[in-house]
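Here the structure comes first, spelled out in structure tokens, and everything after it is commentary.
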Amino acid sequence: MRAWLWLILLVSTSSAQATSVELARFDGGETGIESLREAPESSWKAAPALQRGAAEQSWWRLRVKQPQAGSDIVLSLKETYDASVTVWMPPDYRPQHAGIFDPAWKQVGSRHRLAFILPADFADQPVYVRHEGGRYQPMAVAAMPLETYVALDLQRVRFTSAILASLLLLGIVATVYAIALWRWMLLMFCGWVASCVLYVAAMSGEIVALLPWPSLLPHAMRMSGVAINFGLVMVYGFTIGFLELDRCYPRAARLMKVLVAIAAVLAIVIVIWPRSPLANQAINIVALALAVLALGTAAARARSGSPQGWFYLIGWGGVTVAGVARVWFFLNHQGTPPMLEWLHPLAYAVGALVLVLATARAARYAERELHVARHEARTDLLTGLPNRAEFDAALAARLHAARESGTPLWLMFLDLDHFKSINDRHGHAVGDVCLKAVGDILRKHVRAGDLIARYGGEEFVLMIEGAGARRALDAAESLRAAVNAEAIRVKPHRIVLSVSIGLSELRAEDEAAELLARADAALYRAKQNGRNRVEADFADKPGVSAP
């Protein structure tokens with residue numbers, strides 16, 4: 001809200017403090033300045049703005065109405081772009097050649113405007129302007145006291161600097177995201193941000209101070225046009241991936257890809273033939289079609305509940321509205337209104353911010369989903385315990401650590417007794433409840449550092465580190481008793497469970513397969529000897545059963 005109030009205040013302030021200028025045009029062709037000054041008043045025609053006429057060269061007369069006494073007046077021309085302007089000012093009426101992108105031109109303040117100082121003693125004298133070349137667009141003329149102009153110019157510089165700094169920062173952040181998260185689609189967004197930086201810098205004249213190669217300044221407008229065209233290609237390429245159109249709306253995605261390809265070809269044509277009216281008009285039509293298609297699909301995504309759709313509508317909607325409004329005023333040769341002069345670059349910065357935040361949000365959720373997927377890949381979904389793959393991956397590392405430190409290590413196989421009969425009698429749903437209950441019991445009765453997993457079917461496996469033989473046997477017996485003591489209630493059934501346990505101790509020469517095989521063999525003996533019991537295989541006394 002503050003930003004809007006600030007912009008309104010700036011626009012109203014500049015409008016209120018500007019001194020009106022009487023503007024007239026002379027159609028006398030190649031008349032010299034002396035003849036022009038002596039021309040009768042009837043030769044001059046009132047005009048609303050300084051604009052290139054049918055001829056390549058036009059003469060204009062500017063006269064400040066009711067100048068403030070004792071104050072130097074600044075006459076400023078807005079949106080001269082690549083036009084060449086020559087000004088004759090009192091008292092000597094010597095020609096001054098000026099251009100926004102002319103590094104030799106020196107003026108008061110920034111290059112947001114072409115500015116000429118009219119001395120206070122001659123503020124009521126006419127100023128003559130010759131407009132050569134440039135675009136067929138009106139140049140708004142304003143006059144105001146020097147102090148007022150400098151203050152407003154400083155506000156414009158601060159605003160533009162903030163926009164450029166914001167765009168550069170957001171571009172860097174997006175680039176870091178793209179590289180760190182391997183999301184190369186984001187690099188297209190970064191390309192669009194870079195094109196916005198060049199466009200804003202050129203349109204504001206700040207490129208004169210920022211571009212390190214002055215020889216390129218005469219081509220600044222062409223460079224900004226090329227940048228914005230290729231930025232158009234990149235941002236809509238980014239849009240296809242951002243809105244997931246290939247998955248959600250494949251036909252719209254195919255159509256957008258065709259339009260993006262056409263825009264890319266036209267952008268290349270404009271680089272080769274920059275003044276081709278057909279290519280320039282065609283790329284504007286393609287841009288409009290892409291904007292309608294992108295906003296339409298974004299609205300459909302938003303209606304379906306997609307946050308990406310809402311983010312895109314908020315971020316790109318403002319850019320589209322501001323851009324279309326600016327194009328409309330240009331096509332009607334009306335120049336940019338004061339409010340839109342501020343809102344257009346602001347829309348770029350806000351749009352970039354919203355889309356970077358949306359991309360960061362999407363990346364965060366994607367990373368979260370990746371973590372969930374990795375967790376699920378390592379976890380048994382029924383019991384919540386680690387699965388066999390996770391156990392096998394950890395087993396080798398724990399064996400190596402135990403050998404290096406000389407720490408005892410025990411492997412315990414647990415098998416639920418008569419589980420097939422439980423499934424056959426009560427159904428698999430009851431069997432699943434029993435498995436989950438056993439998993440909960442085991443989880444409660446093992447130490448935090450011990451690794452327990454569901455190995456498959458009704459088998460569980462437990463790795464105990466740092467325990468002697470007596471302690472390992474006691475732990476196994478404790479687990480057996482805990483399972484046997486807790487009856488499982490599944491209405492209308494009451495099921496008493498028991499487990500057989502095979503226990504093996506790590507030997508110096510053991511690999512994972514040998515340790516597992518001896519634990520499995522101990523489990524088999526427990527089954528053969530009546531179930532619901534513990535059998536152990538000690539490193540120094542193989543095959544000895546638990547007492």
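Following the order of the structure tokens, first chain is A, next is B, and so on, with residues numbered from 1 inside each chain and ligands from 1 in the order they appear.
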
Close residues, A:Glu147 itself excluded, 9 Å, only C-alpha atoms, min 3 positions apart in chain, as a ChimeraX atom specification: /A:71-73,144,150-152

Go ahead and dump the residues you just picked, C-alpha atoms, as a PDB file, in the first residue's frame.
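Output (out.pdb):
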```pdb
ATOM      1  CA  SER A  71      14.829  30.925 -11.246  1.00  0.00           C
ATOM      2  CA  ASP A  72      16.641  29.054 -13.987  1.00  0.00           C
ATOM      3  CA  ILE A  73      14.205  26.882 -15.898  1.00  0.00           C
ATOM      4  CA  MET A 144      10.095  23.654 -14.151  1.00  0.00           C
ATOM      5  CA  VAL A 150      16.765  18.178  -9.677  1.00  0.00           C
ATOM      6  CA  ALA A 151      14.625  16.923  -6.776  1.00  0.00           C
ATOM      7  CA  LEU A 152      12.253  15.007  -9.062  1.00  0.00           C
TER       8      LEU A 152
END
```

Per DSSP on the backbone, filter stretch 235-446 of chain A down to the residues in alpha helix (DSSP H) and report them as number ranges by chain. A: 235-242, 245-248, 250-272, 277-303, 307-331, 338-378, 388-405, 419-426, 428-445

Contact residues around A:Arg533 with only C-alpha atoms at 10 Å, ignoring same-chain residues under 6 positions, as number ranges by chain: A: 476-477, 480-481, 498-502, 523, 525-527, 545-546

Per-residue nearest contacts of stretch 309-342 of chain A to stretch 358-368 of chain A (12 Å; only C-alpha atoms) as a Markdown table:
```
| residue | atom | partner | partner_atom | distance |
| --- | --- | --- | --- | --- |
| A:Gly309 | CA | A:Ala358 | CA | 9.8 |
| A:Trp310 | CA | A:Ala358 | CA | 9.5 |
| A:Phe311 | CA | A:Ala358 | CA | 6.2 |
| A:Tyr312 | CA | A:Ala358 | CA | 8.2 |
| A:Leu313 | CA | A:Ala358 | CA | 11.3 |
| A:Ile314 | CA | A:Ala358 | CA | 10.5 |
| A:Gly315 | CA | A:Ala358 | CA | 9.2 |
| A:Trp316 | CA | A:Ala358 | CA | 11.7 |
```

Show which residues sit within 12 Å of A:Glu41, as a VMD selection string. Count only C-alpha atoms, and ignore same-chain residues fewer than 5 positions away. chain A and resid 24 to 26 36 46 61

Residues near A:Val327, cut-off 12 Å, only C-alpha atoms, skip fewer than 6 positions along chain, as a CSV table (one decimal) with all heavy atoms, in the first residue's frame:
```csv
chain,number,residue,atom,x,y,z
A,137,GLN,N,7.1,8.8,-32.2
A,137,GLN,CA,6.5,8.8,-30.9
A,137,GLN,C,6.6,10.2,-30.3
A,137,GLN,O,7.5,10.9,-30.6
A,137,GLN,CB,7.1,7.8,-29.9
A,137,GLN,CG,6.9,6.4,-30.2
A,137,GLN,CD,5.5,5.9,-30.1
A,137,GLN,OE1,4.7,6.5,-29.4
A,137,GLN,NE2,5.1,4.9,-30.9
A,281,GLN,N,6.0,-6.4,-36.3
A,281,GLN,CA,4.6,-6.5,-36.0
A,281,GLN,C,4.2,-8.0,-35.7
A,281,GLN,O,3.4,-8.2,-34.8
A,281,GLN,CB,3.8,-6.1,-37.3
A,281,GLN,CG,2.3,-5.9,-37.1
A,281,GLN,CD,1.9,-4.8,-36.1
A,281,GLN,OE1,2.7,-3.9,-35.8
A,281,GLN,NE2,0.8,-4.9,-35.5
A,284,ASN,N,5.0,-8.9,-32.1
A,284,ASN,CA,4.0,-8.4,-31.2
A,284,ASN,C,2.7,-9.2,-31.1
A,284,ASN,O,2.1,-9.4,-30.1
A,284,ASN,CB,3.7,-6.9,-31.6
A,284,ASN,CG,4.8,-6.0,-31.3
A,284,ASN,OD1,5.6,-6.2,-30.4
A,284,ASN,ND2,4.9,-4.9,-32.1
A,285,ILE,N,2.3,-9.7,-32.3
A,285,ILE,CA,1.1,-10.5,-32.4
A,285,ILE,C,1.3,-11.8,-31.6
A,285,ILE,O,0.5,-12.3,-30.9
A,285,ILE,CB,0.6,-10.7,-33.8
A,285,ILE,CG1,0.2,-9.4,-34.5
A,285,ILE,CG2,-0.5,-11.8,-33.9
A,285,ILE,CD1,0.0,-9.5,-36.0
A,287,ALA,N,3.5,-12.4,-29.3
A,287,ALA,CA,3.6,-12.1,-27.8
A,287,ALA,C,2.2,-12.0,-27.2
A,287,ALA,O,2.0,-12.4,-26.1
A,287,ALA,CB,4.4,-10.8,-27.6
A,288,LEU,N,1.3,-11.3,-27.9
A,288,LEU,CA,-0.1,-11.2,-27.4
A,288,LEU,C,-0.7,-12.5,-27.3
A,288,LEU,O,-1.4,-12.8,-26.3
A,288,LEU,CB,-0.9,-10.3,-28.3
A,288,LEU,CG,-2.3,-10.0,-27.9
A,288,LEU,CD1,-2.4,-9.3,-26.5
A,288,LEU,CD2,-3.0,-9.1,-28.9
A,320,THR,N,2.0,-8.3,-17.7
A,320,THR,CA,1.2,-8.3,-18.9
A,320,THR,C,0.4,-7.1,-19.1
A,320,THR,O,0.3,-6.5,-20.1
A,320,THR,CB,0.3,-9.6,-19.0
A,320,THR,OG1,1.2,-10.8,-18.9
A,320,THR,CG2,-0.4,-9.7,-20.3
A,321,VAL,N,-0.4,-6.7,-18.0
A,321,VAL,CA,-1.2,-5.6,-18.1
A,321,VAL,C,-0.4,-4.3,-18.3
A,321,VAL,O,-0.8,-3.5,-19.2
A,321,VAL,CB,-2.0,-5.4,-16.8
A,321,VAL,CG1,-2.8,-4.1,-16.7
A,321,VAL,CG2,-3.0,-6.6,-16.6
A,333,HIS,N,0.4,6.4,-30.5
A,333,HIS,CA,1.3,7.6,-30.5
A,333,HIS,C,1.0,8.6,-29.5
A,333,HIS,O,0.9,9.8,-29.7
A,333,HIS,CB,1.3,8.2,-31.9
A,333,HIS,CG,1.6,7.2,-33.0
A,333,HIS,ND1,2.8,6.6,-33.2
A,333,HIS,CD2,0.8,6.8,-34.0
A,333,HIS,CE1,2.7,5.8,-34.2
A,333,HIS,NE2,1.5,5.9,-34.8
A,334,GLN,N,0.7,8.1,-28.3
A,334,GLN,CA,0.4,9.0,-27.2
A,334,GLN,C,1.5,9.1,-26.1
A,334,GLN,O,1.4,9.9,-25.2
A,334,GLN,CB,-0.9,8.5,-26.5
A,334,GLN,CG,-2.1,8.5,-27.4
A,334,GLN,CD,-3.4,8.1,-26.7
A,334,GLN,OE1,-3.4,8.1,-25.4
A,334,GLN,NE2,-4.4,7.7,-27.4
A,335,GLY,N,2.6,8.3,-26.3
A,335,GLY,CA,3.6,8.4,-25.2
A,335,GLY,C,3.1,7.7,-24.0
A,335,GLY,O,2.0,7.3,-23.8
A,336,THR,N,4.0,7.5,-23.0
A,336,THR,CA,3.7,6.8,-21.8
A,336,THR,C,3.2,7.8,-20.7
A,336,THR,O,3.8,8.8,-20.4
A,336,THR,CB,5.0,6.1,-21.2
A,336,THR,OG1,5.6,5.3,-22.2
A,336,THR,CG2,4.7,5.3,-20.0
A,337,PRO,N,2.0,7.5,-20.2
A,337,PRO,CA,1.5,8.4,-19.1
A,337,PRO,C,2.4,8.4,-17.9
A,337,PRO,O,3.1,7.4,-17.7
A,337,PRO,CB,0.1,7.8,-18.8
A,337,PRO,CG,-0.2,6.9,-19.9
A,337,PRO,CD,1.1,6.4,-20.5
A,340,LEU,N,2.1,5.2,-15.6
A,340,LEU,CA,2.6,4.0,-16.2
A,340,LEU,C,4.1,4.0,-16.3
A,340,LEU,O,4.7,2.9,-16.3
A,340,LEU,CB,2.0,3.8,-17.6
A,340,LEU,CG,2.2,2.5,-18.3
A,340,LEU,CD1,1.7,1.3,-17.5
A,340,LEU,CD2,1.6,2.5,-19.7
A,344,HIS,N,5.3,0.4,-14.9
A,344,HIS,CA,5.8,-0.6,-15.9
A,344,HIS,C,7.1,-1.3,-15.3
A,344,HIS,O,7.1,-2.5,-15.2
A,344,HIS,CB,6.1,0.0,-17.2
A,344,HIS,CG,6.4,-1.0,-18.3
A,344,HIS,ND1,7.2,-0.7,-19.4
A,344,HIS,CD2,6.0,-2.3,-18.5
A,344,HIS,CE1,7.3,-1.8,-20.1
A,344,HIS,NE2,6.5,-2.7,-19.6
```

In Å to one decimal, how far is atom CA of A:Gly225 from atom CA of A:Asp246?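 Atom-to-atom, atom CA of A:Asp246 and atom CA of A:Gly225 are spaced 29.8 Å apart.
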
Nearby residues (only C-alpha atoms) at most 12 Å from A:Ile172, same-chain spacing under 2 positions excluded, as a PyMOL selection string: chain A and resi 165-170+174-179+186-187+189-191+193-194+352-353+356

Just the selected residues (N, CA and C atoms), exported as a compact mmCIF listing (two decimals), in the first residue's frame, please.
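And here is the file that came out, result29.txt:
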```
# COMPACT_ATOMS: atom_id res chain seq x y z
N ALA A 165 18.46 -2.84 -9.08
CA ALA A 165 19.10 -3.65 -8.03
C ALA A 165 18.23 -4.85 -7.67
N SER A 166 16.91 -4.64 -7.59
CA SER A 166 16.00 -5.75 -7.26
C SER A 166 16.04 -6.82 -8.34
N LEU A 167 15.99 -6.39 -9.60
CA LEU A 167 16.02 -7.37 -10.69
C LEU A 167 17.34 -8.14 -10.71
N LEU A 168 18.45 -7.44 -10.52
CA LEU A 168 19.75 -8.12 -10.50
C LEU A 168 19.82 -9.12 -9.35
N LEU A 169 19.36 -8.71 -8.17
CA LEU A 169 19.39 -9.61 -7.01
C LEU A 169 18.51 -10.84 -7.25
N LEU A 170 17.31 -10.61 -7.78
CA LEU A 170 16.41 -11.73 -8.04
C LEU A 170 16.98 -12.65 -9.12
N ALA A 174 17.75 -16.55 -8.52
CA ALA A 174 17.20 -17.57 -9.41
C ALA A 174 18.31 -18.42 -10.03
N THR A 175 19.44 -17.80 -10.37
CA THR A 175 20.56 -18.54 -10.93
C THR A 175 21.13 -19.53 -9.91
N VAL A 176 21.24 -19.08 -8.66
CA VAL A 176 21.73 -19.97 -7.60
C VAL A 176 20.79 -21.15 -7.42
N TYR A 177 19.47 -20.87 -7.43
CA TYR A 177 18.48 -21.95 -7.35
C TYR A 177 18.66 -22.94 -8.51
N ALA A 178 18.81 -22.40 -9.70
CA ALA A 178 18.91 -23.26 -10.89
C ALA A 178 20.10 -24.19 -10.79
N ILE A 179 21.24 -23.65 -10.35
CA ILE A 179 22.46 -24.45 -10.28
C ILE A 179 22.40 -25.43 -9.11
N LEU A 186 14.89 -22.85 -14.76
CA LEU A 186 15.02 -21.55 -14.10
C LEU A 186 16.00 -20.65 -14.84
N LEU A 187 16.94 -21.21 -15.57
CA LEU A 187 17.89 -20.38 -16.30
C LEU A 187 17.18 -19.55 -17.37
N PHE A 189 14.21 -18.30 -16.95
CA PHE A 189 13.67 -17.19 -16.16
C PHE A 189 14.77 -16.16 -15.90
N CYS A 190 15.98 -16.63 -15.59
CA CYS A 190 17.11 -15.73 -15.35
C CYS A 190 17.40 -14.91 -16.60
N GLY A 191 17.28 -15.55 -17.78
CA GLY A 191 17.48 -14.83 -19.03
C GLY A 191 16.46 -13.72 -19.21
N VAL A 193 14.94 -12.09 -16.74
CA VAL A 193 15.29 -11.05 -15.79
C VAL A 193 16.43 -10.19 -16.34
N ALA A 194 17.43 -10.84 -16.95
CA ALA A 194 18.55 -10.10 -17.54
C ALA A 194 18.06 -9.17 -18.65
N ALA A 352 9.02 -10.55 -11.12
CA ALA A 352 10.20 -11.38 -10.88
C ALA A 352 10.23 -11.89 -9.44
N LEU A 353 9.88 -11.02 -8.49
CA LEU A 353 9.87 -11.43 -7.08
C LEU A 353 8.87 -12.55 -6.84
N VAL A 356 10.05 -15.82 -8.47
CA VAL A 356 11.17 -16.41 -7.74
C VAL A 356 10.67 -17.06 -6.45
```
